[in-house]
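K.L.:
Take a look at the following structure, please.
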Amino acid sequence: MSKYLLSLFLTFACFGSLLVVNQQSWGEPRLITLGVSPEIATDYIHAVIEADRTIYSKRIVERLEKATSLKATEKWLEENTLPLPAQFLLMASENVSAQNLGMSYKLTSLWPINPQNGPENHFEKVALEAIHENPGRPFMTTVSTNRQLFFKAVYPDKAVTQSCVACHNAHPNSPKKDFKVGDVMGGIIITLPMGKSPTIAPKTVADYIYAVMESDRLIYTEFVVNRLQNNNVLKASETWWKDKTLMLPAQFLLHASDRVAHERLGLMYKLLSPWPINPYNGAVTEFEKKGMEVFMKNPQETFYGMHTVHNKNFFEIVYPDLAVSKACVNCHNAHPESPKRDFKMNDIMGGIMMSFPVR
Ligand code: HEC
Ligand code: HEC
């Protein structure tokens, strides 16, 4: 965990007047007005998509292409390779859409390798042109479709590694062959449904962020770690850098959360467990302990509330973290430092704690 996260936790632990609000009492008049603007909500969602995308591209694809013979290829399933960064994002976004939260995201480009990733309508074309003109700022607007309001934010998707550039420039179907590192290659379009209120309830925003995080976690664990381990291609290990292996799913999440913390949006998250391999991941605050107690009793329930630190309101929530892949169970049950060795598929293995400021 970064120093920044740690200091925030200490602030919480020492000065925070903990005001726990569960589902039933959420309607208290003082709190009902609190919401998150859609601009800030999409900034949070984008920060997680971007952090996971960058880690996957840099720390998995690019590093392993240099250090081993493993590559990312379009036919990754047949060829026993890594999914392309675009395929990783697409699979995760399909998993998010399948949850019917109303939030969706996708990758588009004015020069798509796959014509399906081109702009779908006039709005998308204008938005992509705008972020090429002005990559420092996302393009945001509200649109109305079939009398339903949607908030749309388009963030530039940049060539973060040489491998982005090399692969696109060399691809026979790429209409553009002169991308350079740092160029805007396309855009990530995030769509949120809007109701009557100009803001979004914090719990809804947290559910969106969690859906992205969990989908990336699932895709990484199931289609990268579990598949490549089972096919004897490559293992995941704690000392992944030295071993030239895959990083653990927990390390993937923690690296991403560090990147997100550096964005200084106020959004933070971390892993928790009552049976931690790393004692650092045990619950620290009363809120975290209570949160885990709640879903250990009833896995359908999530625990959330508001926290006030120096007159600033923070929304906090703890989601259960489930054994979504055989790899989760096998590794934890076999790990010498694991205090619990009888995890089964779909068991609760711990929790994901998330917090962000709310005005
Ligand atoms: C090994 C090849 C390869 C690498 C590496 C790669 N891409 Fe792609 N990218 C593709 C292919 C192939 C597609 C089309 C996937 C599909 O069928 O939807 C694609 C799709 C995309 C799209 C959607 C528009 C389109 O071209 O269809 C964007 C934007 C994009 N990539 C950006 C990036 C960025 C940024 C990186 C680095 C983080 C990257 N790509 C790395 C091959 C690659
Ligand atoms: C190849 C081994 C491996 C795999 C696969 C794996 N983990 Fe872990 N997990 C670890 C290790 C080692 C740690 C401690 C990491 C650290 O130092 O923070 C950890 C940390 C965690 C934590 C934080 C509490 C703790 O034990 O320190 C949770 C929760 C967790 N993993 C759940 C999962 C879930 C859910 C999956 C599947 C999506 C998974 N793990 C897959 C090895 C693994």
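Following the order of the structure tokens, chains are lettered A, B, ..., residues in each are numbered from 1, and ligands are numbered from 1.
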Which residues come within 10 Å of A:Thr221, counting only C-alpha atoms, excluding same-chain residues fewer than 6 positions away, as number ranges by chain?

P.N.:
A: 215, 227-228, 236, 248-250, 252, 323-328

K.L.:
Could you list, as a list in words, every residue within 8 Å of stretch 32-45 of chain A, counting only C-alpha atoms and ignoring same-chain residues fewer than 5 positions away?

P.N.:
Trp26, Gly27, Met140, Phe151, Ala153, Ile190, Leu192, Pro198, Thr199, Ile200, Ala201, Pro202, Val205, Tyr208, Ile209, Val212, Leu265, Leu267, Val358 and Arg359 of chain A

K.L.:
Emit the selected residues as a PDB file, in the first residue's frame, including N, CA and C atoms.

P.N.:
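File produced: result.pdb:
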```pdb
ATOM      1  N   TRP A  26     -30.396   4.878   5.281  1.00  0.00           N
ATOM      2  CA  TRP A  26     -29.723   5.721   4.291  1.00  0.00           C
ATOM      3  C   TRP A  26     -30.531   6.968   3.963  1.00  0.00           C
ATOM      4  N   GLY A  27     -31.841   6.883   4.160  1.00  0.00           N
ATOM      5  CA  GLY A  27     -32.693   7.998   3.778  1.00  0.00           C
ATOM      6  C   GLY A  27     -32.705   9.163   4.753  1.00  0.00           C
ATOM      7  N   MET A 140     -17.138  15.659 -22.475  1.00  0.00           N
ATOM      8  CA  MET A 140     -18.277  15.206 -21.683  1.00  0.00           C
ATOM      9  C   MET A 140     -19.545  15.920 -22.108  1.00  0.00           C
ATOM     10  N   PHE A 151     -25.414  10.395 -19.563  1.00  0.00           N
ATOM     11  CA  PHE A 151     -24.207  11.193 -19.504  1.00  0.00           C
ATOM     12  C   PHE A 151     -23.107  10.422 -20.216  1.00  0.00           C
ATOM     13  N   ALA A 153     -18.960  10.395 -21.383  1.00  0.00           N
ATOM     14  CA  ALA A 153     -17.620  10.985 -21.242  1.00  0.00           C
ATOM     15  C   ALA A 153     -16.665  10.192 -22.111  1.00  0.00           C
ATOM     16  N   ILE A 190     -17.504   6.258 -21.900  1.00  0.00           N
ATOM     17  CA  ILE A 190     -18.258   5.752 -20.745  1.00  0.00           C
ATOM     18  C   ILE A 190     -19.657   6.369 -20.776  1.00  0.00           C
ATOM     19  N   LEU A 192     -23.383   6.699 -18.715  1.00  0.00           N
ATOM     20  CA  LEU A 192     -24.123   6.500 -17.458  1.00  0.00           C
ATOM     21  C   LEU A 192     -25.569   6.949 -17.652  1.00  0.00           C
ATOM     22  N   PRO A 198     -29.436  15.938 -10.690  1.00  0.00           N
ATOM     23  CA  PRO A 198     -28.187  16.224 -11.432  1.00  0.00           C
ATOM     24  C   PRO A 198     -26.995  15.412 -10.909  1.00  0.00           C
ATOM     25  N   THR A 199     -27.172  14.744  -9.776  1.00  0.00           N
ATOM     26  CA  THR A 199     -26.069  13.935  -9.246  1.00  0.00           C
ATOM     27  C   THR A 199     -26.490  12.467  -9.151  1.00  0.00           C
ATOM     28  N   ILE A 200     -25.536  11.608  -8.833  1.00  0.00           N
ATOM     29  CA  ILE A 200     -25.777  10.169  -8.742  1.00  0.00           C
ATOM     30  C   ILE A 200     -25.520   9.730  -7.299  1.00  0.00           C
ATOM     31  N   ALA A 201     -26.354   8.822  -6.794  1.00  0.00           N
ATOM     32  CA  ALA A 201     -26.194   8.343  -5.422  1.00  0.00           C
ATOM     33  C   ALA A 201     -24.825   7.668  -5.276  1.00  0.00           C
ATOM     34  N   PRO A 202     -24.134   7.934  -4.147  1.00  0.00           N
ATOM     35  CA  PRO A 202     -22.786   7.380  -3.964  1.00  0.00           C
ATOM     36  C   PRO A 202     -22.743   5.850  -4.089  1.00  0.00           C
ATOM     37  N   VAL A 205     -22.591   4.898  -7.686  1.00  0.00           N
ATOM     38  CA  VAL A 205     -21.261   5.163  -8.241  1.00  0.00           C
ATOM     39  C   VAL A 205     -20.288   4.054  -7.805  1.00  0.00           C
ATOM     40  N   TYR A 208     -20.748   0.952  -9.799  1.00  0.00           N
ATOM     41  CA  TYR A 208     -20.135   1.050 -11.136  1.00  0.00           C
ATOM     42  C   TYR A 208     -18.630   0.764 -11.061  1.00  0.00           C
ATOM     43  N   ILE A 209     -17.989   1.430 -10.100  1.00  0.00           N
ATOM     44  CA  ILE A 209     -16.524   1.279  -9.983  1.00  0.00           C
ATOM     45  C   ILE A 209     -16.181  -0.173  -9.655  1.00  0.00           C
ATOM     46  N   VAL A 212     -16.356  -2.575 -12.638  1.00  0.00           N
ATOM     47  CA  VAL A 212     -15.170  -2.517 -13.511  1.00  0.00           C
ATOM     48  C   VAL A 212     -14.015  -3.293 -12.882  1.00  0.00           C
ATOM     49  N   LEU A 265      -7.757  11.789  -7.131  1.00  0.00           N
ATOM     50  CA  LEU A 265      -9.187  12.061  -7.278  1.00  0.00           C
ATOM     51  C   LEU A 265      -9.893  11.885  -5.934  1.00  0.00           C
ATOM     52  N   LEU A 267     -10.371   8.857  -4.771  1.00  0.00           N
ATOM     53  CA  LEU A 267     -10.844   7.470  -4.796  1.00  0.00           C
ATOM     54  C   LEU A 267      -9.717   6.554  -4.319  1.00  0.00           C
ATOM     55  N   VAL A 358     -17.533  12.771  -1.065  1.00  0.00           N
ATOM     56  CA  VAL A 358     -18.873  13.089  -1.553  1.00  0.00           C
ATOM     57  C   VAL A 358     -19.234  14.476  -1.035  1.00  0.00           C
ATOM     58  N   ARG A 359     -19.791  15.275  -1.924  1.00  0.00           N
ATOM     59  CA  ARG A 359     -20.182  16.633  -1.488  1.00  0.00           C
ATOM     60  C   ARG A 359     -21.675  16.751  -1.336  1.00  0.00           C
TER      61      ARG A 359
END
```

K.L.:
Under the rule of at most 8 Å, produce a per-residue listing of chain A near ligand 1: chain, number, name, the closest pair of atoms, and the distance in Å, as a tab-separated table, using only C-alpha atoms and all ligand atoms.

P.N.:
```
residue	atom	partner	partner_atom_place_in_ligand_line	distance
A:Arg53	CA	ligand 1	38 (C)	6.8
A:Thr54	CA	ligand 1	38 (C)	6.4
A:Ser57	CA	ligand 1	38 (C)	5.1
A:Lys58	CA	ligand 1	38 (C)	7.6
A:Val61	CA	ligand 1	5 (C)	7.3
A:Glu62	CA	ligand 1	5 (C)	7.8
A:Lys71	CA	ligand 1	1 (C)	7.4
A:Ala72	CA	ligand 1	1 (C)	5.2
A:Thr73	CA	ligand 1	1 (C)	5.3
A:Glu74	CA	ligand 1	12 (C)	5.7
A:Leu84	CA	ligand 1	3 (C)	5.6
A:Pro85	CA	ligand 1	41 (C)	5.4
A:Ala86	CA	ligand 1	20 (C)	4.9
A:Gln87	CA	ligand 1	15 (C)	6.1
A:Leu90	CA	ligand 1	18 (O)	7.5
A:Leu107	CA	ligand 1	23 (C)	5.2
A:Thr108	CA	ligand 1	23 (C)	4.8
A:Ser109	CA	ligand 1	24 (C)	4.6
A:Leu110	CA	ligand 1	24 (C)	7.6
A:Trp111	CA	ligand 1	26 (O)	6.1
A:Pro112	CA	ligand 1	26 (O)	3.3
A:Ile113	CA	ligand 1	26 (O)	3.7
A:Asn114	CA	ligand 1	27 (O)	3.9
A:Pro115	CA	ligand 1	27 (O)	6.3
A:Gln116	CA	ligand 1	27 (O)	7.0
A:Asn117	CA	ligand 1	27 (O)	4.8
A:Gly118	CA	ligand 1	24 (C)	6.6
A:Asp157	CA	ligand 1	35 (C)	5.5
A:Lys158	CA	ligand 1	35 (C)	4.9
A:Ala159	CA	ligand 1	35 (C)	4.2
A:Val160	CA	ligand 1	38 (C)	5.3
A:Thr161	CA	ligand 1	37 (C)	5.8
A:Gln162	CA	ligand 1	37 (C)	7.7
A:Ser163	CA	ligand 1	5 (C)	4.7
A:Cys164	CA	ligand 1	41 (C)	3.6
A:Val165	CA	ligand 1	36 (C)	7.0
A:Ala166	CA	ligand 1	5 (C)	7.2
A:Cys167	CA	ligand 1	2 (C)	4.2
A:His168	CA	ligand 1	42 (C)	5.6
A:His171	CA	ligand 1	12 (C)	7.2
A:Ser174	CA	ligand 1	26 (O)	6.8
A:Val184	CA	ligand 1	35 (C)	7.7
A:Met185	CA	ligand 1	29 (C)	5.2
A:Gly186	CA	ligand 1	29 (C)	4.1
A:Gly187	CA	ligand 1	29 (C)	6.0
A:Ile188	CA	ligand 1	29 (C)	7.6
```

K.L.:
Would you write out those residues with N, CA and C atoms, as a short mmCIF file (atom, residue, chain, number, x, y, z; two decimals), in the first residue's frame?

P.N.:
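Output (part_35.cif):
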```
data_model
loop_
_atom_site.label_atom_id
_atom_site.label_comp_id
_atom_site.auth_asym_id
_atom_site.auth_seq_id
_atom_site.Cartn_x
_atom_site.Cartn_y
_atom_site.Cartn_z
N ARG A 53 -5.79 -1.16 -17.46
CA ARG A 53 -5.36 -1.27 -18.85
C ARG A 53 -3.85 -1.04 -18.96
N THR A 54 -3.36 -0.03 -18.23
CA THR A 54 -1.93 0.29 -18.27
C THR A 54 -1.11 -0.84 -17.65
N SER A 57 -1.06 -3.75 -20.04
CA SER A 57 -0.23 -3.51 -21.23
C SER A 57 1.25 -3.46 -20.90
N LYS A 58 1.58 -2.78 -19.78
CA LYS A 58 3.01 -2.59 -19.47
C LYS A 58 3.60 -3.76 -18.70
N VAL A 61 1.78 -7.62 -20.75
CA VAL A 61 2.08 -7.83 -22.17
C VAL A 61 3.50 -7.41 -22.54
N GLU A 62 3.84 -6.15 -22.32
CA GLU A 62 5.13 -5.67 -22.80
C GLU A 62 6.30 -6.35 -22.08
N LYS A 71 3.56 -13.98 -26.13
CA LYS A 71 3.12 -12.76 -26.79
C LYS A 71 1.61 -12.56 -26.59
N ALA A 72 1.13 -11.35 -26.93
CA ALA A 72 -0.32 -11.12 -27.00
C ALA A 72 -0.72 -11.26 -28.46
N THR A 73 -1.71 -12.09 -28.74
CA THR A 73 -2.16 -12.26 -30.12
C THR A 73 -3.69 -12.27 -30.19
N GLU A 74 -4.20 -11.95 -31.38
CA GLU A 74 -5.65 -11.91 -31.57
C GLU A 74 -6.30 -13.26 -31.27
N LEU A 84 -5.06 -9.62 -26.41
CA LEU A 84 -4.62 -8.25 -26.70
C LEU A 84 -5.21 -7.31 -25.65
N PRO A 85 -4.54 -6.18 -25.38
CA PRO A 85 -5.11 -5.21 -24.43
C PRO A 85 -6.55 -4.81 -24.81
N ALA A 86 -6.83 -4.64 -26.12
CA ALA A 86 -8.19 -4.26 -26.53
C ALA A 86 -9.18 -5.39 -26.22
N GLN A 87 -8.75 -6.63 -26.40
CA GLN A 87 -9.64 -7.76 -26.11
C GLN A 87 -9.90 -7.87 -24.61
N LEU A 90 -12.41 -5.26 -23.80
CA LEU A 90 -13.71 -5.62 -24.36
C LEU A 90 -14.40 -6.72 -23.53
N LEU A 107 -14.24 0.84 -26.33
CA LEU A 107 -13.05 1.42 -26.95
C LEU A 107 -13.37 1.74 -28.39
N THR A 108 -13.08 2.97 -28.83
CA THR A 108 -13.35 3.34 -30.22
C THR A 108 -12.16 4.08 -30.80
N SER A 109 -12.15 4.20 -32.11
CA SER A 109 -11.05 4.91 -32.75
C SER A 109 -11.48 5.42 -34.11
N LEU A 110 -10.87 6.53 -34.52
CA LEU A 110 -11.11 7.05 -35.87
C LEU A 110 -10.35 6.21 -36.90
N TRP A 111 -9.38 5.40 -36.44
CA TRP A 111 -8.60 4.54 -37.35
C TRP A 111 -8.63 3.11 -36.82
N PRO A 112 -9.80 2.50 -36.79
CA PRO A 112 -9.90 1.19 -36.13
C PRO A 112 -9.32 0.04 -36.98
N ILE A 113 -8.68 -0.88 -36.32
CA ILE A 113 -8.26 -2.13 -36.97
C ILE A 113 -9.52 -2.94 -37.26
N ASN A 114 -10.40 -2.99 -36.27
CA ASN A 114 -11.68 -3.67 -36.42
C ASN A 114 -12.75 -2.60 -36.70
N PRO A 115 -13.35 -2.61 -37.90
CA PRO A 115 -14.31 -1.55 -38.25
C PRO A 115 -15.43 -1.40 -37.21
N GLN A 116 -15.73 -2.46 -36.48
CA GLN A 116 -16.76 -2.37 -35.42
C GLN A 116 -16.39 -1.39 -34.33
N ASN A 117 -15.10 -1.09 -34.20
CA ASN A 117 -14.65 -0.14 -33.18
C ASN A 117 -14.59 1.30 -33.68
N GLY A 118 -15.11 1.54 -34.86
CA GLY A 118 -15.17 2.92 -35.37
C GLY A 118 -16.32 3.67 -34.71
N ASP A 157 -7.44 7.51 -25.34
CA ASP A 157 -6.73 6.25 -25.10
C ASP A 157 -5.37 6.39 -25.76
N LYS A 158 -4.32 6.44 -24.93
CA LYS A 158 -3.00 6.78 -25.46
C LYS A 158 -2.13 5.56 -25.65
N ALA A 159 -1.19 5.67 -26.57
CA ALA A 159 -0.19 4.61 -26.80
C ALA A 159 0.78 4.64 -25.63
N VAL A 160 0.49 3.85 -24.60
CA VAL A 160 1.31 3.90 -23.39
C VAL A 160 2.60 3.10 -23.53
N THR A 161 2.65 2.17 -24.46
CA THR A 161 3.88 1.40 -24.64
C THR A 161 4.24 1.34 -26.13
N GLN A 162 5.49 0.96 -26.40
CA GLN A 162 5.96 0.78 -27.77
C GLN A 162 5.16 -0.35 -28.44
N SER A 163 4.71 -1.33 -27.64
CA SER A 163 4.00 -2.46 -28.26
C SER A 163 2.64 -2.04 -28.84
N CYS A 164 1.99 -1.03 -28.26
CA CYS A 164 0.73 -0.51 -28.84
C CYS A 164 1.02 -0.04 -30.27
N VAL A 165 2.06 0.78 -30.37
CA VAL A 165 2.42 1.42 -31.63
C VAL A 165 2.88 0.39 -32.66
N ALA A 166 3.78 -0.48 -32.23
CA ALA A 166 4.37 -1.46 -33.16
C ALA A 166 3.29 -2.35 -33.74
N CYS A 167 2.39 -2.83 -32.89
CA CYS A 167 1.38 -3.77 -33.37
C CYS A 167 0.38 -3.08 -34.30
N HIS A 168 -0.10 -1.90 -33.92
CA HIS A 168 -1.08 -1.21 -34.78
C HIS A 168 -0.47 -0.78 -36.11
N HIS A 171 -0.16 -3.79 -38.35
CA HIS A 171 -1.35 -4.63 -38.61
C HIS A 171 -1.91 -4.36 -40.01
N SER A 174 -4.91 -2.02 -40.22
CA SER A 174 -4.88 -0.70 -39.59
C SER A 174 -4.84 0.41 -40.65
N VAL A 184 -2.59 9.84 -29.08
CA VAL A 184 -3.96 9.39 -28.81
C VAL A 184 -4.33 8.42 -29.92
N MET A 185 -4.63 7.17 -29.55
CA MET A 185 -4.95 6.15 -30.57
C MET A 185 -6.46 5.98 -30.73
N GLY A 186 -7.19 6.41 -29.73
CA GLY A 186 -8.64 6.25 -29.78
C GLY A 186 -9.24 6.83 -28.51
N GLY A 187 -10.44 6.39 -28.19
CA GLY A 187 -11.09 6.93 -27.00
C GLY A 187 -11.85 5.86 -26.23
N ILE A 188 -11.93 6.05 -24.92
CA ILE A 188 -12.76 5.18 -24.08
C ILE A 188 -14.04 5.95 -23.79
#
```

K.L.:
Residues within 7 Å of ligand 2 (only C-alpha atoms and all ligand atoms), as a VMD selection string?

P.N.:
chain A and resid 217 to 218 221 225 236 to 238 248 to 251 271 to 273 275 to 282 321 to 325 327 to 329 331 to 332 338 349 to 351

K.L.:
Just the residues within 9 Å of stretch 239-245 of chain A, please, counting only C-alpha atoms, with nothing from its chain fewer than 2 positions along; format it as a list in words.

P.N.:
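Contacts, with the query itself left out: Arg59, Ile60, Arg63, Leu64, Ala67, Thr68, Leu234, Lys235, Ala236, Ser237, Met247 and Leu248 of chain A.
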
K.L.:
So which one's closest to A:Leu101, A:Thr191, A:Ser257, A:Thr142, A:Gln300? Using only C-alpha atoms, please.

P.N.:
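Of A:Thr191, A:Ser257, A:Thr142, A:Gln300, the one nearest A:Leu101 is A:Thr191, counting only C-alpha atoms.
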
K.L.:
Stretch 81-207 of chain A: which residues are strand (DSSP E) by DSSP, as a PyMOL selection string?

P.N.:
chain A and resi 104-108+139-145+148-158+184-194
